[in-house]
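Asker: run-v8.txt is reproduced in full below (compact mmCIF, C-alpha atoms and all ligand atoms).
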```txt
# COMPACT_ATOMS: atom_id res chain seq x y z
CA MET A 21 64.06 -71.64 7.29
CA THR A 22 61.43 -71.55 9.98
CA THR A 23 58.84 -68.89 10.34
CA THR A 24 57.63 -67.86 13.74
CA VAL A 25 54.02 -66.85 13.81
CA ARG A 26 53.29 -64.52 16.71
CA THR A 27 49.93 -64.44 18.31
CA PRO A 28 49.22 -60.72 18.54
CA THR A 29 49.35 -59.41 22.06
CA ARG A 30 46.61 -57.21 23.42
CA ARG A 31 48.87 -54.19 22.95
CA THR A 32 49.67 -54.96 19.28
CA ARG A 33 45.98 -55.63 18.56
CA GLN A 34 45.13 -52.31 20.16
CA SER A 35 47.72 -50.48 18.08
CA ASP A 36 46.42 -52.22 14.92
CA ASP A 37 42.94 -51.03 15.81
CA ASP A 38 44.24 -47.53 16.51
CA SER A 39 46.07 -47.29 13.21
CA ARG A 40 43.02 -48.56 11.30
CA ALA A 41 40.86 -46.03 13.12
CA ARG A 42 43.12 -43.31 11.75
CA LEU A 43 42.28 -44.31 8.17
CA PRO A 44 39.44 -42.32 6.61
CA ALA A 45 36.12 -44.14 6.40
CA LEU A 46 34.58 -44.66 2.98
CA SER A 47 31.44 -42.74 4.00
CA ALA A 48 33.59 -39.80 5.10
CA LEU A 49 35.17 -39.39 1.64
CA ALA A 50 33.62 -36.98 -0.84
CA ASP A 51 33.15 -38.30 -4.36
CA ASP A 52 36.10 -36.37 -5.81
CA ALA A 53 38.40 -37.51 -2.97
CA LEU A 54 37.38 -41.12 -3.56
CA ALA A 55 37.97 -40.78 -7.32
CA GLU A 56 41.39 -39.29 -6.59
CA LEU A 57 42.25 -42.17 -4.26
CA VAL A 58 41.17 -44.71 -6.85
CA GLY A 59 43.26 -42.77 -9.41
CA THR A 60 46.40 -43.04 -7.28
CA LEU A 61 45.88 -46.80 -7.43
CA GLY A 62 45.89 -46.66 -11.22
CA GLU A 63 42.16 -47.07 -11.79
CA PRO A 64 39.71 -44.83 -13.65
CA PRO A 65 37.17 -42.62 -11.79
CA TRP A 66 34.25 -44.90 -12.62
CA ARG A 67 35.74 -47.48 -10.27
CA ALA A 68 35.01 -45.03 -7.42
CA ARG A 69 31.34 -44.93 -8.40
CA GLN A 70 31.31 -48.72 -8.66
CA LEU A 71 32.79 -48.99 -5.17
CA ARG A 72 30.27 -46.54 -3.69
CA ARG A 73 27.30 -48.35 -5.24
CA ALA A 74 28.54 -51.73 -4.07
CA ALA A 75 29.21 -50.45 -0.54
CA TRP A 76 25.48 -49.74 -0.12
CA GLN A 77 24.46 -53.27 -1.05
CA PRO A 78 23.21 -54.92 2.17
CA PHE A 79 25.03 -58.17 1.37
CA VAL A 80 28.39 -56.40 1.08
CA ALA A 81 30.06 -56.25 4.50
CA SER A 82 33.69 -55.59 3.53
CA LEU A 83 35.89 -54.51 0.63
CA ASP A 84 36.65 -58.19 0.05
CA ASP A 85 32.99 -58.79 -0.80
CA ILE A 86 33.18 -56.41 -3.79
CA ARG A 87 34.35 -58.97 -6.29
CA GLN A 88 33.75 -56.74 -9.29
CA LEU A 89 36.73 -54.63 -8.19
CA PRO A 90 40.15 -55.97 -9.20
CA ALA A 91 41.98 -57.70 -6.33
CA GLY A 92 44.85 -55.20 -6.52
CA LEU A 93 42.48 -52.28 -6.13
CA ARG A 94 40.75 -53.93 -3.17
CA GLU A 95 44.11 -54.48 -1.48
CA GLY A 96 45.24 -50.93 -2.17
CA LEU A 97 41.98 -49.51 -0.86
CA ALA A 98 42.10 -51.68 2.27
CA ALA A 99 45.44 -50.11 3.18
CA ARG A 100 44.11 -46.60 2.70
CA LEU A 101 40.53 -46.51 3.95
CA ARG A 102 38.09 -48.27 6.22
CA PHE A 103 35.04 -49.84 4.67
CA ILE A 104 32.79 -48.60 7.49
CA SER A 105 33.23 -46.22 10.42
CA ALA A 106 31.33 -48.22 13.06
CA ILE A 107 30.93 -51.82 14.13
CA VAL A 108 28.04 -53.79 15.54
CA ALA A 109 28.96 -54.17 19.22
CA SER A 110 25.76 -56.05 20.00
CA GLU A 111 22.56 -57.05 18.29
CA ARG A 112 19.19 -58.04 19.73
CA LEU A 113 16.00 -59.16 18.04
CA ALA A 114 12.54 -58.18 19.23
CA ASP A 115 8.94 -58.29 18.00
CA ARG A 116 9.18 -61.84 16.67
CA GLY A 117 12.33 -61.07 14.74
CA THR A 118 11.08 -58.02 12.85
CA THR A 119 12.92 -55.49 15.02
CA ILE A 120 16.71 -55.45 15.31
CA LYS A 121 18.32 -53.34 18.01
CA LEU A 122 21.97 -52.60 17.37
CA LEU A 123 24.55 -51.11 19.64
CA CYS A 124 27.02 -49.50 17.26
CA GLY A 125 30.62 -49.12 18.45
CA LEU A 126 32.49 -46.00 17.36
CA ASP A 127 36.25 -45.43 17.07
CA ASP A 128 36.61 -43.94 20.53
CA GLN A 129 34.89 -46.90 22.22
CA LEU A 130 31.67 -44.95 22.63
CA THR A 131 28.43 -46.53 21.47
CA VAL A 132 25.13 -45.39 20.02
CA GLU A 133 21.85 -47.20 19.56
CA THR A 134 20.38 -47.93 16.16
CA VAL A 135 17.11 -49.75 15.53
CA ALA A 136 15.89 -51.36 12.32
CA MET A 137 12.37 -52.61 11.89
CA GLU A 138 10.40 -54.11 9.08
CA SER A 139 6.67 -53.64 8.74
CA PRO A 140 4.54 -55.74 6.40
CA PRO A 141 2.53 -54.32 3.49
CA ARG A 142 -0.84 -52.92 4.52
CA GLY A 143 -3.70 -51.89 2.31
CA GLY A 144 -2.26 -50.05 -0.67
CA SER A 145 1.12 -49.44 0.94
CA SER A 146 4.12 -51.61 0.37
CA ARG A 147 6.48 -53.17 2.89
CA ARG A 148 8.72 -50.80 4.82
CA ALA A 149 12.02 -51.19 6.58
CA THR A 150 12.74 -48.22 8.81
CA VAL A 151 16.03 -47.43 10.51
CA CYS A 152 16.16 -45.16 13.55
CA VAL A 153 19.57 -43.48 13.89
CA SER A 154 21.35 -41.64 16.69
CA THR A 155 23.06 -38.34 15.96
CA GLN A 156 24.81 -37.83 19.28
CA VAL A 157 26.36 -39.91 22.03
CA GLY A 158 24.15 -38.76 24.90
CA CYS A 159 22.23 -35.51 24.75
CA ALA A 160 22.58 -32.06 26.25
CA ILE A 161 18.88 -31.19 26.22
CA GLY A 162 18.24 -33.07 29.46
CA CYS A 163 14.55 -33.96 29.23
CA PRO A 164 13.91 -35.48 32.66
CA PHE A 165 11.80 -38.38 31.32
CA CYS A 166 14.57 -39.58 28.97
CA ALA A 167 17.40 -41.97 29.80
CA THR A 168 19.68 -40.47 27.13
CA GLY A 169 19.20 -37.02 28.61
CA ARG A 170 20.56 -38.30 31.91
CA MET A 171 23.84 -39.27 30.23
CA GLY A 172 24.66 -35.70 29.31
CA LEU A 173 26.37 -35.08 25.98
CA ARG A 174 29.58 -36.95 25.21
CA ARG A 175 29.89 -35.81 21.60
CA SER A 176 28.04 -35.51 18.31
CA CYS A 177 28.39 -38.27 15.75
CA THR A 178 30.16 -37.55 12.49
CA PRO A 179 28.07 -37.61 9.31
CA ALA A 180 29.83 -40.85 8.34
CA GLU A 181 28.84 -42.44 11.65
CA VAL A 182 25.19 -41.61 11.05
CA VAL A 183 25.28 -42.85 7.45
CA ASP A 184 27.10 -45.99 8.53
CA GLN A 185 24.44 -46.76 11.15
CA VAL A 186 22.04 -47.02 8.18
CA ARG A 187 24.48 -49.25 6.28
CA LEU A 188 25.01 -51.51 9.31
CA ALA A 189 21.26 -51.68 9.89
CA GLY A 190 20.74 -52.57 6.22
CA GLN A 191 23.27 -55.38 6.54
CA ALA A 192 21.60 -56.61 9.75
CA LEU A 193 18.17 -56.61 8.10
CA HIS A 194 19.63 -58.58 5.20
CA ARG A 195 21.23 -61.15 7.54
CA HIS A 196 17.79 -61.78 9.00
CA GLY A 197 16.02 -61.98 5.65
CA LEU A 198 14.52 -58.49 5.98
CA GLY A 199 14.96 -55.13 4.24
CA PRO A 200 16.14 -53.31 2.20
CA VAL A 201 15.96 -50.01 4.06
CA THR A 202 13.17 -47.76 2.76
CA HIS A 203 12.83 -45.12 5.51
CA VAL A 204 15.05 -43.44 8.08
CA VAL A 205 14.03 -41.59 11.24
CA TYR A 206 16.40 -39.35 13.21
CA MET A 207 14.87 -40.17 16.56
CA GLY A 208 17.63 -42.04 18.33
CA MET A 209 20.04 -40.73 20.91
CA GLY A 210 20.68 -37.01 20.79
CA GLU A 211 19.08 -33.89 19.39
CA PRO A 212 19.57 -33.94 15.61
CA LEU A 213 19.33 -30.19 15.20
CA ALA A 214 21.93 -29.62 17.92
CA ALA A 215 24.23 -31.70 15.69
CA TYR A 216 23.12 -29.63 12.73
CA GLU A 217 26.10 -30.07 10.38
CA THR A 218 26.10 -33.83 11.02
CA THR A 219 22.39 -34.09 10.38
CA VAL A 220 22.36 -32.10 7.15
CA ALA A 221 25.51 -33.72 5.73
CA SER A 222 24.19 -37.20 6.52
CA LEU A 223 20.78 -36.40 5.01
CA ARG A 224 22.51 -35.40 1.77
CA ALA A 225 24.71 -38.50 1.81
CA LEU A 226 21.72 -40.78 2.40
CA ALA A 227 20.00 -39.24 -0.61
CA VAL A 228 22.99 -39.14 -2.97
CA HIS A 229 24.80 -42.35 -2.01
CA GLY A 230 22.12 -44.40 -0.26
CA GLY A 231 19.26 -43.54 -2.62
CA ILE A 232 16.97 -42.70 0.33
CA SER A 233 14.87 -39.68 -0.58
CA PRO A 234 14.50 -36.94 2.05
CA ARG A 235 10.75 -37.49 1.71
CA ARG A 236 11.28 -40.86 3.33
CA ILE A 237 13.19 -39.38 6.24
CA THR A 238 11.85 -37.89 9.47
CA VAL A 239 13.98 -35.63 11.67
CA SER A 240 12.85 -35.07 15.24
CA THR A 241 13.67 -32.03 17.30
CA SER A 242 13.00 -30.88 20.83
CA GLY A 243 12.74 -27.33 19.49
CA VAL A 244 16.04 -25.83 18.34
CA VAL A 245 14.23 -22.92 16.72
CA PRO A 246 17.12 -21.29 14.76
CA SER A 247 18.03 -24.67 13.30
CA ILE A 248 14.43 -25.39 12.29
CA ARG A 249 14.45 -22.16 10.29
CA ARG A 250 17.84 -23.02 8.82
CA LEU A 251 16.74 -26.53 7.88
CA ALA A 252 13.74 -25.14 6.03
CA ALA A 253 16.14 -23.37 3.66
CA GLU A 254 18.30 -26.44 2.92
CA GLY A 255 16.11 -27.78 0.13
CA LEU A 256 15.76 -31.08 1.99
CA PRO A 257 12.04 -31.85 2.29
CA VAL A 258 12.29 -34.12 5.32
CA THR A 259 9.34 -34.55 7.66
CA LEU A 260 9.86 -32.64 10.89
CA ALA A 261 8.67 -34.23 14.14
CA ILE A 262 8.42 -31.77 17.02
CA SER A 263 8.84 -33.34 20.46
CA LEU A 264 6.20 -31.14 22.09
CA HIS A 265 5.19 -32.99 25.29
CA ALA A 266 3.64 -29.85 26.86
CA ALA A 267 1.31 -27.13 25.62
CA THR A 268 2.25 -24.38 28.07
CA ASP A 269 5.62 -22.76 28.60
CA GLU A 270 5.39 -23.35 32.31
CA LEU A 271 5.23 -27.13 31.91
CA ARG A 272 7.44 -27.34 28.85
CA ASP A 273 10.21 -25.45 30.63
CA ARG A 274 10.32 -28.44 32.98
CA LEU A 275 9.83 -31.28 30.52
CA VAL A 276 11.90 -30.03 27.59
CA PRO A 277 14.42 -27.58 29.05
CA ILE A 278 15.35 -26.07 25.68
CA ASN A 279 11.96 -24.38 25.91
CA ARG A 280 13.51 -21.84 28.29
CA ALA A 281 15.62 -20.59 25.39
CA HIS A 282 13.03 -21.13 22.64
CA PRO A 283 9.51 -20.90 24.07
CA LEU A 284 6.39 -22.30 22.52
CA ASP A 285 5.37 -19.24 20.50
CA ALA A 286 8.75 -19.18 18.75
CA LEU A 287 8.70 -22.94 18.24
CA VAL A 288 5.22 -23.00 16.74
CA ALA A 289 6.07 -20.07 14.46
CA ALA A 290 9.26 -21.78 13.23
CA ALA A 291 7.48 -25.10 12.75
CA GLY A 292 4.70 -23.40 10.79
CA ALA A 293 7.26 -21.70 8.58
CA TYR A 294 9.01 -25.04 8.03
CA GLY A 295 5.75 -26.61 6.89
CA ARG A 296 4.99 -23.74 4.52
CA VAL A 297 8.48 -23.66 2.96
CA THR A 298 8.91 -27.41 2.52
CA GLY A 299 5.27 -28.38 1.94
CA ARG A 300 5.78 -31.21 4.40
CA ARG A 301 3.26 -32.11 7.03
CA LEU A 302 4.47 -31.71 10.59
CA SER A 303 4.22 -34.25 13.33
CA LEU A 304 3.83 -33.50 17.06
CA GLU A 305 5.16 -36.05 19.54
CA TRP A 306 3.54 -36.24 22.98
CA CYS A 307 5.01 -38.53 25.62
CA LEU A 308 2.02 -39.02 27.95
CA ILE A 309 3.24 -38.91 31.56
CA GLY A 310 0.91 -39.71 34.43
CA GLY A 311 0.10 -36.71 36.60
CA VAL A 312 2.34 -34.43 34.55
CA ASN A 313 0.97 -33.69 31.07
CA ASP A 314 -2.13 -35.86 30.94
CA GLY A 315 -4.70 -33.25 31.99
CA LEU A 316 -7.47 -31.95 29.78
CA ASP A 317 -6.00 -28.44 29.90
CA GLN A 318 -2.87 -29.83 28.24
CA ALA A 319 -4.98 -31.82 25.77
CA ALA A 320 -6.82 -28.62 24.84
CA GLY A 321 -3.51 -26.80 24.33
CA LEU A 322 -2.25 -29.66 22.17
CA VAL A 323 -5.39 -29.45 20.05
CA ARG A 324 -4.88 -25.71 19.54
CA ILE A 325 -1.26 -26.15 18.44
CA ALA A 326 -1.99 -29.15 16.22
CA ARG A 327 -4.81 -27.30 14.48
CA ARG A 328 -2.69 -24.23 13.95
CA LEU A 329 0.08 -26.33 12.41
CA ARG A 330 -2.27 -28.84 10.73
CA ALA A 331 -0.04 -31.43 12.31
CA HIS A 332 -0.34 -35.13 12.91
CA VAL A 333 -0.18 -36.07 16.60
CA ASN A 334 1.69 -39.07 17.99
CA VAL A 335 0.84 -39.94 21.59
CA ILE A 336 3.35 -42.17 23.34
CA PRO A 337 2.47 -43.50 26.79
CA MET A 338 5.65 -43.09 28.82
CA ASN A 339 7.83 -46.09 29.48
CA ARG A 340 9.15 -46.27 32.99
CA ILE A 341 12.89 -45.75 33.21
CA GLU A 342 14.95 -46.84 36.13
CA GLY A 343 15.16 -44.31 38.92
CA SER A 344 12.34 -42.13 37.56
CA PRO A 345 9.17 -41.57 39.57
CA TRP A 346 7.24 -40.99 36.36
CA GLY A 347 5.31 -43.48 34.29
CA PRO A 348 2.23 -43.79 32.10
CA PRO A 349 -1.10 -42.39 33.34
CA PRO A 350 -3.86 -44.63 34.69
CA ALA A 351 -6.13 -46.05 31.98
CA ASP A 352 -9.09 -43.77 32.70
CA VAL A 353 -6.89 -40.66 32.50
CA SER A 354 -5.39 -41.82 29.20
CA ARG A 355 -8.86 -42.45 27.87
CA ALA A 356 -10.06 -38.98 28.80
CA PHE A 357 -6.99 -37.39 27.20
CA LEU A 358 -7.35 -39.37 24.00
CA ARG A 359 -11.09 -38.79 23.88
CA HIS A 360 -10.45 -35.05 23.96
CA LEU A 361 -8.12 -35.34 20.97
CA SER A 362 -10.51 -37.55 19.04
CA GLN A 363 -13.40 -35.16 19.59
CA ALA A 364 -11.26 -32.42 18.10
CA ALA A 365 -10.91 -34.62 14.99
CA LEU A 366 -7.13 -34.48 14.98
CA THR A 367 -5.20 -37.14 13.13
CA VAL A 368 -3.75 -39.06 16.04
CA THR A 369 -1.66 -42.18 16.40
CA VAL A 370 -1.07 -43.88 19.72
CA ARG A 371 2.12 -45.86 20.15
CA ASP A 372 1.77 -49.01 22.15
CA THR A 373 4.97 -49.21 24.14
CA ARG A 374 3.83 -52.34 25.94
CA GLY A 375 5.70 -51.29 29.03
CA GLY A 376 8.73 -53.49 28.68
CA GLU A 377 12.42 -53.25 27.95
CA ALA A 378 13.53 -50.43 30.19
CA ASP A 379 17.03 -50.57 28.79
CA ALA A 380 16.35 -48.48 25.72
CA ALA A 381 18.06 -45.14 25.83
CA CYS A 382 15.85 -42.50 24.31
CA GLY A 383 12.11 -42.58 24.69
CA GLN A 384 11.78 -41.23 21.19
CA LEU A 385 13.96 -43.94 19.73
CA ARG A 386 11.83 -46.69 21.10
CA ALA A 387 8.51 -45.02 20.54
CA SER A 388 9.28 -44.33 16.91
CA LEU A 389 9.42 -48.01 16.24
CA GLU A 390 6.94 -49.49 18.65
CA PRO A 391 3.69 -50.94 17.39
CA ARG A 392 1.06 -48.27 17.11
CA ARG A 393 -2.63 -47.69 16.91
CA GLN A 394 -4.62 -45.05 15.18
CA LEU A 395 -7.06 -43.09 17.32
CA ARG A 396 -10.56 -43.39 15.91
CA PRO A 397 -12.95 -40.44 15.79
CA ASP A 398 -14.93 -41.97 18.65
CA GLY A 399 -11.91 -42.08 20.94
CA THR A 400 -11.25 -45.82 20.63
CA LEU A 401 -7.99 -47.24 19.38
CA GLY A 402 -7.66 -49.07 16.11
CA PRO A 403 -5.98 -52.46 15.85
CA GLN A 404 -2.31 -52.68 16.67
CA ARG A 405 0.00 -51.93 13.81
CA SER A 406 3.39 -53.40 13.92
CA ALA A 407 5.66 -50.61 12.83
CA GLN A 408 6.56 -47.04 12.27
CA ARG A 409 4.83 -45.81 9.18
CA GLY A 410 5.74 -42.17 9.22
CA PRO A 411 3.41 -39.35 9.94
CA ASP A 412 1.38 -39.60 6.76
CA GLU A 413 -1.58 -41.23 8.44
CA ILE A 414 -5.00 -41.09 6.88
CA ARG A 415 -7.64 -39.86 9.25
CA ALA A 416 -10.18 -42.56 10.08
CA PRO A 417 -13.34 -41.60 8.21
CA ALA A 418 -16.39 -40.82 10.31
CA GLY A 419 -19.01 -43.50 10.52
CA ARG A 420 -16.72 -46.35 9.54
CA ASP A 421 -16.35 -47.68 13.05
CA SER A 422 -17.31 -51.31 13.16
CA GLY A 423 -18.69 -50.98 16.67
CA ARG A 424 -15.92 -53.15 18.09
CA ARG A 425 -14.14 -51.58 21.00
CA PRO A 426 -10.51 -52.59 20.95
CA PRO A 427 -8.67 -52.44 24.24
CA LEU A 428 -6.30 -49.64 25.16
CA GLY A 429 -2.69 -50.60 25.61
CA ASN A 430 -3.38 -51.85 29.10
CA GLY A 431 -6.41 -53.89 28.15
CA ALA A 432 -9.03 -51.42 29.43
CA GLN A 433 -12.13 -50.82 27.34
CA LEU A 434 -13.85 -47.54 26.62
CA PRO A 435 -17.40 -47.56 27.93
CA ARG A 436 -20.10 -47.52 25.30
CA ALA A 437 -21.28 -44.08 26.46
CA ASP A 438 -17.83 -42.70 25.67
CA GLN A 439 -17.90 -43.64 22.04
CA GLY A 440 -19.93 -40.59 21.05
CA SER A 441 -22.78 -40.34 18.63
CA GLU A 442 -22.50 -40.38 14.88
CA LYS A 443 -23.60 -36.75 14.88
CA ARG A 444 -20.87 -35.73 17.26
CA ARG A 445 -18.27 -37.41 15.10
CA GLU A 446 -19.51 -35.63 12.04
CA ARG A 447 -19.53 -32.32 13.87
CA ALA A 448 -16.00 -32.95 15.04
CA HIS A 449 -14.77 -33.67 11.50
CA ARG A 450 -16.46 -30.61 10.08
CA GLY A 451 -14.61 -28.56 12.70
CA ALA A 452 -11.22 -29.94 11.64
S1 LIG A 501 14.14 -36.89 24.65
FE1 LIG A 501 15.53 -36.53 22.91
S2 LIG A 501 16.03 -34.31 23.15
FE2 LIG A 501 15.22 -34.97 25.15
S3 LIG A 501 17.05 -35.60 26.32
FE3 LIG A 501 16.24 -37.45 25.28
S4 LIG A 501 17.43 -37.59 23.39
FE4 LIG A 501 17.64 -35.48 24.17
```
Would you put the structure from the file into structure tokens?
Ligand code: SF4
Answerer:
Amino acid sequence: MTTTVRTPTRRTRQSDDDSRARLPALSALADDALAELVGTLGEPPWRARQLRRAAWQPFVASLDDIRQLPAGLREGLAARLRFISAIVASERLADRGTTIKLLCGLDDQLTVETVAMESPPRGGSSRRATVCVSTQVGCAIGCPFCATGRMGLRRSCTPAEVVDQVRLAGQALHRHGLGPVTHVVYMGMGEPLAAYETTVASLRALAVHGGISPRRITVSTSGVVPSIRRLAAEGLPVTLAISLHAATDELRDRLVPINRAHPLDALVAAAGAYGRVTGRRLSLEWCLIGGVNDGLDQAAGLVRIARRLRAHVNVIPMNRIEGSPWGPPPADVSRAFLRHLSQAALTVTVRDTRGGEADAACGQLRASLEPRRQLRPDGTLGPQRSAQRGPDEIRAPAGRDSGRRPPLGNGAQLPRADQGSEKRRERAHRGA
């Protein structure tokens, strides 16, 4: 008897893919549903827990890799569920191999960006590996300085797709000798609080199944006020990062269009309530755009809001995106803006976007993982730090400046006269 082996045609491969896509993904199954599935295959419920634990191991990339499960169970599961709901469509390394940029392919051929980055131990803190996830394909908010906003919204991700971005990133880190994942930031494509159910369900899954505490997770928002208030009541103490970018309604209506529905007063009130309910420190994100929001009037407004919220401030010089007339401010304007913040003794971090790689989708996604510098009380920038470390910065103590004047991102130096006297620094800190 002869056996004819057919090379699958494109159509049969497509229909195989389609039928697999119809299987539920492991991350989409609740614990009781998974236990029931394992039960139908003749195995006790603890096998479901064993499977779930193993699936989060970064060296496990398929059901076949889970050798502690009996072969029959693995085969039965493979016919009934998918190990993961997304695939790595492309992978790029940056920052001398410590940053991995993934394009994750979803079932409907759409893609989202996910970034994983490892930062070395510093001082008393241990090594971190942070994953930045996308919650939507595109975004409906339409911030004019953001490439993702220009796409419009295609759809929100499912909770499983967000969770599986973290699993894929964990596997990618492991392949490159990095990881495991310690922190997650929701700062990729999309507005996480516009995909509220996805965001909350994935936060719970990351905690319960992935072992990533909400305290190690940051969720960014452009200002979906009702959802900020709702999130405060979820019992999930994640850090909230407000994408502020403007300190007056007039300007913010243009830069972050959701401000027309939820103006600054309402946003600041909701953010303050979030901080009080959760006990978490807030973070304010400020994409510094030349000639747009780099004036001292805006800096003064930012200081007022940051003080009221006792928030950390992240300043991100804008990256140019194709077709946009906007870009980062000239060096002297940046210096004046930053000096104003430093004199107000805010806790400020400046992200060094280094101007390259215009292909990234969301300004927030990139900025969250770019090297960063802490703003010193005298208005100078500290040495470059290689990774996202969350908003829990420690304010640089007054009088500890070594006298060195590190360059700004573009290599410019602050003049000596701009460094301020010791007295002024102390005054500024007392006023904090
Ligand atoms: S900056 Fe964020 S909220 Fe604004 S359009 Fe881009 S992805 Fe959406």
Asker: Quick check, in Å to one decimal: how far apart do CA of Thr268 (chain A) and CA of Val288 (chain A) lie?
Answerer: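 CA of Thr268 (chain A) sits 11.8 Å away from CA of Val288 (chain A).
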Asker: Hey, what's within 12 Å of Ala98 (chain A) if we count only C-alpha atoms and toss same-chain stuff fewer than 3 positions away? As a list of chain:residue names, please?
Answerer: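 The neighbour list is A:Arg40, A:Leu43, A:Pro44, A:Ala45, A:Leu46, A:Leu57, A:Val58, A:Leu61, A:Ser82, A:Leu83, A:Asp84, A:Asp85, A:Ile86, A:Ala91, A:Gly92, A:Leu93, A:Arg94, A:Glu95, A:Leu101, A:Arg102, A:Phe103, A:Ile104.
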Asker: Neighbouring residues of ligand LIG 501 (chain A) are defined here as those with any atom at most 9 Å from a ligand atom, counting all atoms listed in the file; list them as a VMD selection string.
Answerer: chain A and resid 154 156 158 to 173 207 to 212 240 to 243 263 275 to 278 381 to 385
Asker: Find, counting all atoms listed in the file, the residue in A:Gly292, A:Gly321, A:Pro90, A:Gly310 that gets nearest to Arg340 (chain A).
Answerer: A:Gly310
Asker: Report, in Å to a single decimal, how far apart CA of Ile309 (chain A) and CA of Tyr294 (chain A) are.
Answerer: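 CA of Ile309 (chain A) lies 27.9 Å from CA of Tyr294 (chain A).
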Asker: Counting only C-alpha atoms, figure out which residue out of A:Pro246, A:Gly299, A:Pro348, A:Pro257 gets nearest to Ala227 (chain A).
Answerer: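 Of the candidates, the smallest distance to Ala227 (chain A) is held by A:Pro257.
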Asker: With distances taken over only C-alpha atoms, which of A:Arg87, A:Arg249, A:Arg371, A:Arg147 is nearest to Ala74 (chain A)?
Answerer: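 Using only C-alpha atoms, the shortest distance to Ala74 (chain A) belongs to A:Arg87.
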Asker: What gap, in Å, lies between CA of Ala81 (chain A) and CA of Leu97 (chain A)?
Answerer: 14.7 Å
Asker: Dig up all the protein and nucleic acid residues within 12 Å of (24.9, -30.3, 6.0) in the file frame, using all atoms listed in the file, and format them as a list in words.
Answerer: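 Within 12 Å of (24.9, -30.3, 6.0), the protein and nucleic acid residues are Thr178, Pro179, Ala180, Pro212, Leu213, Ala215, Tyr216, Glu217, Thr218, Thr219, Val220, Ala221, Ser222, Leu223, Arg224, Ala225, Leu226, Ser247, Arg250, Leu251, Ala253, Glu254, Gly255 and Leu256 of chain A.
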